[in-house]
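First up is the structure itself, then whatever we jot down about it.
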6 protein chains.
Amino acid sequence: MPGVIVTDPPRADAKDVETLAGFGVATVHEAMGRTGLLGHHLRPNQQDCRVAGTAVTVLSWPGDNLMIHAAVEQCGAGDILVVTTTSPSTDGMFGELFATALQRRGVRGVVTNAGIRDTAELRAMGFPAWSAAVSAQGTVKATGGSVNVPVVIGGQVIRPGDVIVADDDGVVVVPREGAREAGEKSLAREDKEAATRAAFVGGQLGLDRYGLRDTLVQLGVTYRTYEQYTGEGS
Amino acid sequence: MPGVIVTDPPRADAKDVETLAGFGVATVHEAMGRTGLLGHHLRPNQQDCRVAGTAVTVLSWPGDNLMIHAAVEQCGAGDILVVTTTSPSTDGMFGELFATALQRRGVRGVVTNAGIRDTAELRAMGFPAWSAAVSAQGTVKATGGSVNVPVVIGGQVIRPGDVIVADDDGVVVVPREGAREAGEKSLAREDKEAATRAAFVGGQLGLDRYGLRDTLVQLGVTYRTYEQYTGEGS
Amino acid sequence: MPGVIVTDPPRADAKDVETLAGFGVATVHEAMGRTGLLGHHLRPNQQDCRVAGTAVTVLSWPGDNLMIHAAVEQCGAGDILVVTTTSPSTDGMFGELFATALQRRGVRGVVTNAGIRDTAELRAMGFPAWSAAVSAQGTVKATGGSVNVPVVIGGQVIRPGDVIVADDDGVVVVPREGAREAGEKSLAREDKEAATRAAFVGGQLGLDRYGLRDTLVQLGVTYRTYEQYTGEGS
Amino acid sequence: MPGVIVTDPPRADAKDVETLAGFGVATVHEAMGRTGLLGHHLRPNQQDCRVAGTAVTVLSWPGDNLMIHAAVEQCGAGDILVVTTTSPSTDGMFGELFATALQRRGVRGVVTNAGIRDTAELRAMGFPAWSAAVSAQGTVKATGGSVNVPVVIGGQVIRPGDVIVADDDGVVVVPREGAREAGEKSLAREDKEAATRAAFVGGQLGLDRYGLRDTLVQLGVTYRTYEQYTGEGS
Amino acid sequence: MPGVIVTDPPRADAKDVETLAGFGVATVHEAMGRTGLLGHHLRPNQQDCRVAGTAVTVLSWPGDNLMIHAAVEQCGAGDILVVTTTSPSTDGMFGELFATALQRRGVRGVVTNAGIRDTAELRAMGFPAWSAAVSAQGTVKATGGSVNVPVVIGGQVIRPGDVIVADDDGVVVVPREGAREAGEKSLAREDKEAATRAAFVGGQLGLDRYGLRDTLVQLGVTYRTYEQYTGEGS
Amino acid sequence: MPGVIVTDPPRADAKDVETLAGFGVATVHEAMGRTGLLGHHLRPNQQDCRVAGTAVTVLSWPGDNLMIHAAVEQCGAGDILVVTTTSPSTDGMFGELFATALQRRGVRGVVTNAGIRDTAELRAMGFPAWSAAVSAQGTVKATGGSVNVPVVIGGQVIRPGDVIVADDDGVVVVPREGAREAGEKSLAREDKEAATRAAFVGGQLGLDRYGLRDTLVQLGVTYRTYEQYTGEGS
């Protein structure tokens with residue numbers, strides 16, 4: 001794996017990123033037709049935190065954080081660092097020192113398919129992180145890899161400059177060309193959800209709001225009293 | 001799976017539920033002879049929270065939350081919604097909108113073998129949840145299932161109307177016919193634990209309190225000084 | 001497994017333990033040449049907590065906490081209880097009553113490869129715990145085991161009297177003979193990290209600080225503009 | 001867990017069991033409306049083997065095979081031993097000696113949620129086994145449990161006397177009262193599958209045979225040539 | 001997820017596919033610079049089998065095999081069906097009937113991130129399969145998805161027409177534009193391996209053949225006799 | 001991790017190894033008081049194979065097989081190579097070329113906590129392997145490690161020269177000083193098992209042979225007819 005470091009990839013429009021930052025991961029994921037989710041194995045290191053930014057991607061060898069050092073130089077204000085490894089790894093590739101360097105550059109957080117460490121320090125300094133593992137296990141700087149090439153986490157392709165939205169529910173990627181549309185659709189969905197919320201508060205049922213009573217009938221789902229059900233044998 | 005929605009199942013007596021709400025999951029589980037635990041894979045979405053309620057059960061197709069809509073209508077004050085799927089799924093079947101509808105009806109929480117989302121919002125609105133996964137992954141409303149039939153989570157059968165007790169340690173089910181007895185035995189156990197706690201605070205050892213020194217002898221467990229032990233080779 | 005309870009093993013020097021308590025798990029692990037980590041599967045039951053102490057070790061049968069009772073008597077001020085089972089188990093072997101007995105004796109925490117319960121109570125009483133699982137599942141007192149023999153968790157050997165350091169990142173073991181050296185190296189590493197932190201805050205890059213630009217060249221990692229990269233096909 | 005050993009439970013009719021033995025697990029599971037499957041974590045110890053029998057159930061403490069000894073006495077010709085533990089365990093609870101005792105009694109196989117050992121010997125003696133793990137780890141005989149009470153594996157309730165069908169695809173349980181109907185429906189399904197197989201061999205498509213082209217249209221699934229698809233951007 | 005079925009995507013050249021079929025997965029993966037591997041979670045349903053073919057891709061809803069029916073029509077001689085789901089699923093989406101329909105069309109096998117069933121039948125009819133699970137669990141035909149769009153399995157992007165090579169070691173994807181080069185490099189690697197094999201048979205060591213003695217020295221790895229090592233303390 | 005290669009460690013007596021080769025893993029594990037098992041996650045790459053040999057141990061960085069090259073030189077007739085990594089890894093560190101080099105030196109097999117590849121070739125050449133994963137994923141030769149230092153797999157310490165016994169049930173380690181005793185105890189156990197087998201074939205029950213009827217009574221396990229049991233409510 002000789003590796004390549006790609007410089008100055010196109011980034012999603014900053015205004016579109018700000019718009020997406022206003023929505024939660026679930027909303028953006030739904031607005032994009034239920035796509036883009038990086039998988040439930042990525043867990044936040046903090047609570048009640050939501051960020052959005054443009055991806056700087058890193059593909060590293062397991063147990064090796066050399067390419068994160070190379071990636072720091074490629075990061076700027078508004079970015080989110082996205083790190084994966086060529087094969088599964090739980091090592092703590094990212095900690096407080098990297099966060100210090102990135103925070104100075106205006107980077108908004110880190111997302112990794114491997115492990116993080118210095119978790120208390122990361123929370124204390126307000127640098128949000130999402131990872132597949134927490135591990136103090138240290139790494140070496142011995143093997144090449146790539147920066148700003150497309151990477152895959154949880155079945156989703158992430159290209160440099162794509163928008164990353166992350167909150168307590170997980171992480172979603174929005175292709176940079178689709179950021180504006182995703183923002184508009186998220187807004188529309190949020191409006192719709194607000195209306196639904198109001199209706200539910202008012203006592204309406206989803207069965208009625210979404211016309212699901214017919215669906216149940218068509219699917220052959222029937223109603224039984226408890227006496228009927230137990231009387232029929234189960 | 002044509003499916004059936006069972007209406008008005010018998011529910012455990014409300015007073016018995018209140019009694020059980022006063023005990024932790026571990027206490028109730030022990031009081032019932034170490035049975036009823038739904039498994040360590042169910043984790044709370046919040047901290048320092050304990051609830052008890054009567055189960056409204058849902059059996060859904062993976063990736064499909066149609067039957068949760070049907071279940072909302074069957075839920076009333078004091079219930080806890082219990083959701084499982086016909087095969088393993090981590091999708092976020094349950095979120096803030098469902099919680100809004102349920103909270104209005106006096107439902108006390110949700111327990112699911114699949115995933116939840118809107119986790120920050122659920123905490124903010126004070127609607128407790130226990131789940132096997134957190135995932136923003138959305139679901140469809142396309143396949144039938146059942147409401148208020150017996151379901152199984154973590155090897156335990158849960159029938160509609162059974163008592164669910166949940167806290168930071170997990171979730172336990174108490175058969176509705178056994179709710180009173182479980183409450184009484186929990187109280188007895190709590191008294192016994194209080195006495196043990198006082199004894200331990202006073203310096204007594206479990207070895208003496210439970211007569212375990214004899215047990216050790218009978219099992220052939222021997223005492224050695226460190227010098228004896230290392231001198232004998234290990 | 002007849003089992004043995006070893007009394008009064010040598011313990012690491014208390015002053016060395018205090019020194020190590022001042023460093024995080026990641027620092028100590030790195031200072032020891034990236035060894036000693038008990039594995040990322042051990043998770044803390046609390047946040048923002050760091051302890052160090054001398055190990056009292058327990059080897060139990062799965063589903064059986066008899067030997068923890070035997071171990072309590074062997075525990076003294078400054079110890080940390082370390083519990084593992086002869087085969088994998090997630091049962092809640094340790095809870096508030098044990099913590100009460102241990103806290104009275106000046107024990108600083110518990111680390112277990114199996115499960116804990118009463119997690120809210122443990123946090124409330126300030127008794128820190130690290131475990132592989134949280135489960136209310138109770139255990140019996142029927143089978144022998146050993147106390148203060150060498151045990152293995154996460155691939156690391158832990159002997160009685162070795163130093164355990166635990167924080168939000170996990171748990172590390174320091175052999176008792178190496179405690180002083182580990183403390184000195186941790187201090188040196190912390191100094192080095194402080195200098196690096198200051199340099200990063202000042203804008204220096206890891207690429208330059210660690211001389212990694214040469215490494216990248218030697219490994220054949222090349223730089224490309226985005227246009228070059230996409231023009232070349234990927 | 002004081003435990004109980006239930007003697008002479010009703011068993012499914014032997015002729016119905018024989019009928020079900022003629023079908024695979026997938027066929028029986030489908031014939032029962034896609035229910036009864038014990039979960040994909042149970043794997044066969046042999047290849048190209050299919051059996052059916054009546055369940056003798058065992059609920060054991062983890063790491064303890066005492067109750068299997070008690071269960072042997074309750075087993076007779078045509079039975080299949082079904083073993084689970086009160087909490088997760090991978091220990092090798094069952095091996096060649098048990099198989100020898102059971103084979104003599106006409107027992108047809110073993111299904112366990114825990115581990116087996118002597119796997120080569122079991123294959124050599126033609127005693128089929130399905131388990132969640134293979135492990136040489138030995139067990140004790142120290143804690144009580146139950147025989148012939150309802151147990152749960154993989155979310156399915158298994159009562160003594162229910163029919164167990166097992167093959168290379170896994171294990172399915174058929175409630176003893178439903179054995180005849182399951183056999184009849186399995187036969188019907190097999191006939192239907194034979195017709196479908198013939199149709200597929202003849203070149204018919206599932207799209208046409210099941211009328212799925214309309215379904216696709218209703219769901220909004222559209223056809224695009226590759227040029228259209230890539231021209232539209234993806 | 002409205003979904004799209006893409007017809008007649010470009011396919012890798014048949015001759016290049018044949019060439020790649022002559023190499024194992026490990027060889028092709030290495031020849032491509034250690035890329036393209038679909039992950040160790042995909043296991044073969046048969047032993048001693050190696051195939052290569054062009055991918056027809058399917059993206060399905062979990063628990064739903066509707067889109068596999070749509071995909072059959074898009075499959076032709078020399079193809080391999082590649083199926084994944086929008087969120088994790090272990091259901092048995094693929095079995096003997098699909099294999100019958102595909103075998104008639106000259107399809108060479110199936111690769112799926114979900115489950116398969118009828119595993120004995122698939123082996124008997126000589127239709128190779130690689131899957132993440134074996135499960136008899138049946139599926140519905142209720143939700144849309146896509147055929148011949150790019151999908152991701154195990155972190156690798158698979159586009160329709162890309163080459164799939166699969167054997168006992170797993171599955172690797174070769175981008176269709178790179179098939180020729182991958183074949184040439186695989187041949188070169190195989191030649192190199194044959195030379196290495198001969199050298200190893202002749203007694204040469206990898207340490208000498210690859211010049212690794214210098215590497216060890218540079219990395220500070222030292223040689224010690226057992227006496228030196230144990231005398232120094234460990 | 002500078003690393004060390006230890007030469008000519010003491011090895012267990014060859015005759016004792018031969019003796020142990022005559023017993024299965026389960027027998028040896030039981031004979032040693034149920035210790036020494038390397039864990040159920042190590043699975044054989046072949047069926048119906050049993051070997052014993054003396055350990056040459058390797059501690060490698062994840063994704064790096066440099067130290068296996070160093071270890072080959074330390075291997076001789078009768079050895080078994082034992083490989084683990086400093087943090088979890090599933091990469092295919094070991095394949096046919098290493099097996100070729102080792103087979104020439106009279107090495108009897110490989111045991112690894114990480115992954116293997118060329119699995120069909122390993123079977124074809126009769127070189128047995130036990131591993132935690134099968135993966136074609138290739139590795140680099142960039143980071144130091146150690147050979148013939150004590151390593152830990154599955155909670156067991158393995159020192160160079162210790163005896164490894166492996167079969168279809170897994171892998172067990174016997175400390176080299178205890179090899180003779182383990183052999184003698186295994187023989188005794190095998191004799192005892194032969195007697196038990198004969199008794200079981202003759203119809204004796206384990207309940208009687210091991211005096212377990214009393215145990216059941218002491219534990220409070222009771223017998224009930226099915227009518228009594230269901231009449232009492234369950």
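Letters for chains follow the order of the structure tokens (A, B, ...), residue numbers begin at 1 for each chain, and ligand numbers begin at 1 in the order shown.
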Residues of chain A that have any atom at most 9 Å from an atom of chain E: could you tabulate them with the shortest-distance atom pair and the distance in Å to one decimal, using only C-alpha atoms, ordered by chain and increasing number, as a Markdown table?
| residue | atom | partner | partner_atom | distance |
| --- | --- | --- | --- | --- |
| A:Met1 | CA | E:Gly33 | CA | 5.3 |
| A:Pro2 | CA | E:Gly33 | CA | 8.0 |
| A:Met32 | CA | E:Met1 | CA | 8.9 |
| A:Gly33 | CA | E:Met1 | CA | 5.3 |
| A:Arg34 | CA | E:Met1 | CA | 6.7 |
| A:Thr35 | CA | E:Thr86 | CA | 8.0 |
| A:Gly39 | CA | E:Ser87 | CA | 8.1 |
| A:Thr86 | CA | E:Thr35 | CA | 8.0 |
| A:Ser87 | CA | E:Gly39 | CA | 8.0 |
| A:Pro88 | CA | E:Gly39 | CA | 8.9 |
| A:Val151 | CA | E:Gly155 | CA | 7.9 |
| A:Val152 | CA | E:Gly155 | CA | 5.0 |
| A:Ile153 | CA | E:Gly155 | CA | 6.2 |
| A:Gly154 | CA | E:Gly155 | CA | 6.9 |
| A:Gly155 | CA | E:Val152 | CA | 5.1 |
| A:Gln156 | CA | E:Val152 | CA | 6.9 |
| A:Val157 | CA | E:Val157 | CA | 7.8 |
Do a neighbour search on Thr90 of chain C at 9 Å with only C-alpha atoms, toss out local chain neighbours closer than 3 positions, and write the hits as a list in words.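 Those residues are His40 of chain B; Pro62, Gly63, Met93, Asn113, Ala114, Gly115, Ile116, Ala132, Ala133, Val134, Ser135 and Gln137 of chain C; Ser87, Pro88 and Ser89 of chain D.
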Long-range neighbours of Gly183 of chain F as a PDB file with C-alpha atoms, in the first residue's frame, 6 Å cut-off, only C-alpha atoms, 2 positions minimum in chain:
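Writing the result to part.pdb gives the following:
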ATOM      1  CA  THR F  19       2.498 -39.408  25.298  1.00  0.00           C
ATOM      2  CA  LEU F  20       0.292 -36.329  25.364  1.00  0.00           C
ATOM      3  CA  ARG F 180       5.064 -35.994  32.453  1.00  0.00           C
ATOM      4  CA  GLU F 181       2.493 -35.650  35.203  1.00  0.00           C
ATOM      5  CA  LYS F 185      -2.979 -38.192  34.753  1.00  0.00           C
ATOM      6  CA  SER F 186      -4.396 -38.215  31.237  1.00  0.00           C
TER       7      SER F 186
END
Name the residues of segment 34-178 of chain F that fall into strand (DSSP E) according to DSSP on the backbone, using the chain letters and numbers of this document, as a PyMOL selection string. chain F and resi 43-44+51-60+79-85+92-94+110-116+129-134+146-147+151-153+156-158+163-167+170-174
Go ahead and save the residues from that selection, with C-alpha atoms, as a CSV table (one decimal), in the first residue's frame.
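The result, stored in out.csv:
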chain,number,residue,atom,x,y,z
F,43,ARG,CA,-11.0,-23.1,15.5
F,44,PRO,CA,-9.3,-25.9,13.5
F,51,VAL,CA,-1.2,-33.0,17.2
F,52,ALA,CA,1.1,-32.3,20.1
F,53,GLY,CA,4.4,-30.3,20.0
F,54,THR,CA,6.6,-27.8,21.8
F,55,ALA,CA,5.7,-24.2,21.6
F,56,VAL,CA,7.8,-21.6,19.7
F,57,THR,CA,6.1,-18.4,20.6
F,58,VAL,CA,5.7,-15.2,18.6
F,59,LEU,CA,4.4,-11.8,19.8
F,60,SER,CA,3.7,-9.6,16.7
F,79,ASP,CA,7.7,-27.7,17.5
F,80,ILE,CA,4.3,-26.0,17.1
F,81,LEU,CA,4.3,-22.3,16.2
F,82,VAL,CA,2.2,-20.1,18.5
F,83,VAL,CA,1.4,-16.6,17.3
F,84,THR,CA,-0.4,-13.7,19.0
F,85,THR,CA,-0.6,-10.0,18.4
F,92,GLY,CA,-4.2,-13.5,7.6
F,93,MET,CA,-0.7,-13.5,9.0
F,94,PHE,CA,0.1,-17.0,8.2
F,110,VAL,CA,0.4,-23.5,13.9
F,111,VAL,CA,-1.8,-21.9,16.5
F,112,THR,CA,-2.7,-18.3,16.3
F,113,ASN,CA,-5.0,-15.8,18.0
F,114,ALA,CA,-5.1,-13.8,14.7
F,115,GLY,CA,-6.0,-15.0,11.2
F,116,ILE,CA,-4.7,-17.5,8.6
F,129,ALA,CA,-3.7,-24.9,11.8
F,130,TRP,CA,-5.9,-23.4,14.6
F,131,SER,CA,-6.8,-19.8,14.4
F,132,ALA,CA,-9.3,-17.1,15.6
F,133,ALA,CA,-10.1,-16.1,12.0
F,134,VAL,CA,-9.7,-16.9,8.3
F,146,SER,CA,9.5,-10.9,20.2
F,147,VAL,CA,10.1,-14.6,19.7
F,151,VAL,CA,2.6,-15.0,25.5
F,152,VAL,CA,-1.0,-15.2,26.5
F,153,ILE,CA,-3.9,-16.6,24.4
F,156,GLN,CA,-3.5,-18.9,29.3
F,157,VAL,CA,0.2,-18.2,29.6
F,158,ILE,CA,2.3,-20.1,27.0
F,163,VAL,CA,3.5,-28.5,25.3
F,164,ILE,CA,0.7,-27.6,22.9
F,165,VAL,CA,-2.0,-30.3,22.3
F,166,ALA,CA,-4.6,-29.4,19.6
F,167,ASP,CA,-7.5,-31.3,18.1
F,170,GLY,CA,-9.5,-26.7,20.5
F,171,VAL,CA,-6.0,-26.1,21.9
F,172,VAL,CA,-4.6,-26.8,25.4
F,173,VAL,CA,-1.2,-25.8,26.8
F,174,VAL,CA,0.7,-28.0,29.3
If you run DSSP on this backbone, which residues of segment 87-192 of chain A come out as helix (DSSP H, G or I), and could you give them as an NGL selection string? :A and (96-104 or 119-124 or 176-192)
